[in-house]
Amino acid sequence: MIVPRIARHCLYFCILAAFLPQHAIAHGGVVDEGDLCVIKVNYLRAHFKIYQPGVSGHKQYCEDLPVAAESVFVMEYQHDSLSEMAIDFRIIRDVTGKGRFARIEDVAQIGDLQSATVYYQPAVIEPDVYTINYAFKEEGDFIGIVSAAHPETGKVYEAVFPFEVGFTGLGYWPFFIGLLVVIQLQYLLMSGRLKRWFGRRSPSAMGLVLGLLLFPLASYADDLVVTYTTPDGDPQINRMHSWILHIETDAGVEVEGAKVEVDGGMPKHNHGLPTKPRVTEELGGGDYKLDGVRFHMSGYWEIVVRVTTDSGTSIVTIPLQL
Amino acid sequence: MIVVATAIAACQWWPSSPPSWTGDEVAVLKSLWLASLPELSPDPSNAVADEPAAAEFGRKLFFDMRLSANGGISCATCHQAERGFTDGLQKAQAIGTTKRHTPSIVGTAYSPWQFWDGRRDSQWSQALAPLEDPNEHGTNRAQVVALVAGDNDYRASYESLFGKLPDLNDADTFALNTAFANVGKAIAAFERTIMPTTSRFDEYVAAVVDRDADRQSELFSDDEALGLRLFIGAANCTQCHNGPLFTNFEFHNTAVISFPGDVPDKARVSGVIEVLADEFNCFSPYSDDPLRHCSELEFARTGAGLIGAFKTPSLRNLAAPFMHQGQLTTLADVLEHYNNAPDAMIGHNEAKPLGLSKRELRQIEAFLTTLEAPVAESPAATQIESKQAD
């Protein structure tokens, strides 16, 4: 394909101009990051998703919804501070006339927000995850407004996201497809140059990566050996019990006065321990009493013991087949 | 040649004959066997937990409709003995509608946590909650204690177990709460007698242990046996439904869809906060354990990993509808749900898609029905029965 260079640049510019500003501004609230849909309330981020459980079960939507039906909006916080903020959630009919290009400023100009409101959840502090359920009665353009008040400063952060209910299915796709074409083109043109660039730099990059990997090891203490005994008999599943941990160095010196923390889980099932076991007593001679241990299924478990002494921290993993 | 080919084809077509169990599998079967259920450990927080007189008093309270705002609700309104101590509804119905589905209470004395989200840590503290819930009994502690005081039989039972009832006219909060907690302790003593009984599955395990192949095929169809093999094997069900009660009594997110009109239930992540603050928990002054031995509370895990995590229910005596709000109507729906293992609406689904065939799902379903059994009358409960008959 022969495209004059100037025309090519024009094309990029036009497509990007058509796509980016609208996306960044109009949907400043909710951004589809490919595999993750994110709502940004100022600098605070939450994983955002909408469900229509009665219509499409577990299928997730990021912004536009196919039909007017019961819809569950979910925000899973990526910042703990959202757990402490009073958050309110409003859905209004789009009376700005701007459709999917409505912005915070447009919303601020609405005189009578109340009469445009179809759903309002007054401010509540909801730890961990925030959810609302609203059954849309009609299709059309809507705007979601989320505000979060900072518990100390009282400052209110807002996110505004226009969306369509009874979504025709096209939405941003033309823009995305356009962008994909551009990226692909760009890649083809640039690939030769890119390869050369990487080629020149890889040895030093490699060094950097290795350096980063090795660095933390340097601060570790001596290798420790951690063994355990179970005074109440062999560990049985679903029974709370205690362990005695015995800690010594490679050279067989008992480790005393250490801070010992324990965690663990089943790596294959990707979950942790059902309880939060804790060392409750140092028994002397390198022995530590660990209370609150329970396993809730048989299989392969790992107990991770973190031992901190004056000379640093060691992490020892105890494998366990139940 | 043709014969061989047909034989191979037939093997692939027909279900393999009922399993002959490997040593490892037999060990798992024995771990699920009712005969392996350990004796119920004592509950030091409840001094009358194993007193037959308390269980008898508790039984009467359990069925007494006077313990409600409208005189028409008892524990048994929702926990109906003839339905395995549940009610067949999605959400329970009394003075109002509850937030969740009524679980069975069979064998729950073994659980360190009560309710779907574990927001109580003993059966006696649990029993106090529905009494004061405006959607359930809708009464309150003063009325409950007054009822006990005003009924001669109750008053006598109470005073022989717990000592003098406080004078309601000038009882302080502590005295009133203590008397209220004692009512819960009597109910808990009764609940400790409600246990599962031997099911066809348990008889089957006995036959496996005895290596009695004839008895095995008498007890289980091929599909049931193959379903059992899947349950403990490829379908990973024993990851959570393990032990003789088919539950680990722990909290897991299995991504069940939210109930129409409700937001997804946060479950354990909030339940654990509630139990740590509960005025009647194991650390509270109403516990009878002078040592306040509360390892469950002390080592309880908290935090976002528990979003949407519900307590694994027992699979003995299954009764429809299923799950924390009765969202799934049939066992086929349940198995289809596990086979797909969708992403959770909130939190993360811990179960993985199974990729089983329709036939295999039906086999697991067939196996689950072998866990049905009449609900128990444990020795203690039988004693109460005979005492009442006297």
# chains A, B, ... in the order shown; residues from 1 in each chain; ligands from 1
$ residues_around --residues "A:Ile50" --least-positions-apart "5" --cutoff "8 Å" --atoms "only C-alpha atoms" --output "PyMOL selection string"
chain A and resi 60-63+71-74
$ interface_residues --of "chain A" --to "chain B" --cutoff "9 Å" --atoms "only C-alpha atoms" --output "ChimeraX atom specification"
/A:49-51,53-54,57-60,70,72-76,127-129,131-135,237-238,240,269-278,291-293,296-299
$ closest_residue --among "B:Ala186, B:Ala69, B:Ala179, B:Leu89" --to "B:Phe57" --atoms "only C-alpha atoms"
B:Ala186
$ select_by_dssp --residues "stretch 197-356 of chain B" --states "strand (DSSP E)" --output "PyMOL selection string"
chain B and resi 251-252+310-311
$ write_last_selection --atoms "N, CA, C and O atoms" --output "short mmCIF file (atom, residue, chain, number, x, y, z; two decimals), in the first residue's frame"
data_model
loop_
_atom_site.label_atom_id
_atom_site.label_comp_id
_atom_site.auth_asym_id
_atom_site.auth_seq_id
_atom_site.Cartn_x
_atom_site.Cartn_y
_atom_site.Cartn_z
N PHE B 251 -15.47 -20.67 54.83
CA PHE B 251 -16.16 -19.71 53.97
C PHE B 251 -15.51 -19.67 52.59
O PHE B 251 -14.29 -19.53 52.48
N HIS B 252 -16.34 -19.81 51.56
CA HIS B 252 -15.81 -19.83 50.20
C HIS B 252 -16.73 -19.05 49.27
O HIS B 252 -17.94 -19.07 49.43
N PHE B 310 -19.36 -17.66 51.53
CA PHE B 310 -20.40 -18.24 52.38
C PHE B 310 -19.90 -19.51 53.03
O PHE B 310 -19.03 -20.19 52.49
N LYS B 311 -20.53 -19.85 54.17
CA LYS B 311 -20.14 -21.08 54.85
C LYS B 311 -20.60 -22.27 54.01
O LYS B 311 -21.75 -22.31 53.57
#
$ residues_around --residues "stretch 146-150 of chain B" --least-positions-apart "5" --cutoff "12 Å" --atoms "only C-alpha atoms" --output "ChimeraX atom specification"
/B:57-58,60-61,64-69,71,139-141,155-159,164-169,171,176,179-180,182-183,186
$ select_by_dssp --residues "stretch 12-181 of chain A" --states "alpha helix (DSSP H)" --output "MDAnalysis selection string"
chainID A and resid 12:21 53:56 104:108 113:116 173:181
$ write_last_selection --atoms "C-alpha atoms" --output "tab-separated table (two decimals), in the first residue's frame"
chain	number	residue	atom	x	y	z
A	12	TYR	CA	-3.49	9.01	12.37
A	13	PHE	CA	-4.27	12.44	13.57
A	14	CYS	CA	-7.87	12.35	12.45
A	15	ILE	CA	-8.60	8.97	13.98
A	16	LEU	CA	-6.84	9.74	17.22
A	17	ALA	CA	-8.52	13.10	17.44
A	18	ALA	CA	-11.87	11.49	16.87
A	19	PHE	CA	-11.21	8.86	19.47
A	20	LEU	CA	-8.99	10.03	22.27
A	21	PRO	CA	-10.35	13.30	23.56
A	53	PRO	CA	-28.45	-10.95	36.31
A	54	GLY	CA	-32.06	-11.60	35.36
A	55	VAL	CA	-31.31	-11.25	31.64
A	56	SER	CA	-27.72	-12.34	31.11
A	104	ILE	CA	-18.60	16.81	34.70
A	105	GLU	CA	-19.03	20.47	33.74
A	106	ASP	CA	-22.19	19.66	31.78
A	107	VAL	CA	-23.63	17.86	34.76
A	108	ALA	CA	-22.73	20.77	37.04
A	113	LEU	CA	-30.65	17.47	39.23
A	114	GLN	CA	-33.39	16.02	41.39
A	115	SER	CA	-36.01	15.83	38.68
A	116	ALA	CA	-33.59	14.22	36.24
A	173	TRP	CA	-16.26	-0.16	18.16
A	174	PRO	CA	-15.70	1.87	14.98
A	175	PHE	CA	-13.16	3.95	16.86
A	176	PHE	CA	-11.45	0.93	18.30
A	177	ILE	CA	-11.25	-0.76	14.95
A	178	GLY	CA	-9.82	2.41	13.47
A	179	LEU	CA	-7.24	2.57	16.20
A	180	LEU	CA	-6.33	-1.07	15.77
A	181	VAL	CA	-5.72	-0.53	12.06
$ residues_around --residues "A:Ser81" --least-positions-apart "4" --cutoff "12 Å" --atoms "only C-alpha atoms" --output "PyMOL selection string"
chain A and resi 41+43-46+77+85-87+125-129+148-152
$ closest_residue --among "B:Glu224, B:Asp212, B:Glu336, B:Asp289" --to "B:Ile364" --atoms "only C-alpha atoms"
B:Glu224
$ residues_around --residues "B:Arg200" --least-positions-apart "3" --cutoff "12 Å" --atoms "only C-alpha atoms" --output "list in words"
Trp33, Leu34, Thr197, Glu203, Tyr204, Val205, Ala206, Ala207, Arg215, Gln216, Ser217, Glu218, Leu219, Phe220, Ser221, Glu224, Ala225, Arg316, Asn317, Phe367, Leu368, Thr369, Thr370, Leu371, Glu372, Ala373 and Pro374 of chain B
$ residues_around --residues "B:Phe322" --least-positions-apart "2" --cutoff "12 Å" --atoms "only C-alpha atoms" --output "MDAnalysis selection string"
chainID B and resid 86:91 100:104 256:257 312:315 317:320 324:335 337
$ atom_distance --atom1 "atom CA of A:Arg100" --atom2 "atom CA of A:Pro122"
24.7 Å
$ atom_distance --atom1 "atom CA of A:Ile92" --atom2 "atom CA of A:Phe163"
10.4 Å
$ residues_around --residues "A:Val226" --least-positions-apart "6" --cutoff "7 Å" --atoms "only C-alpha atoms" --output "MDAnalysis selection string"
chainID A and resid 245:248 316
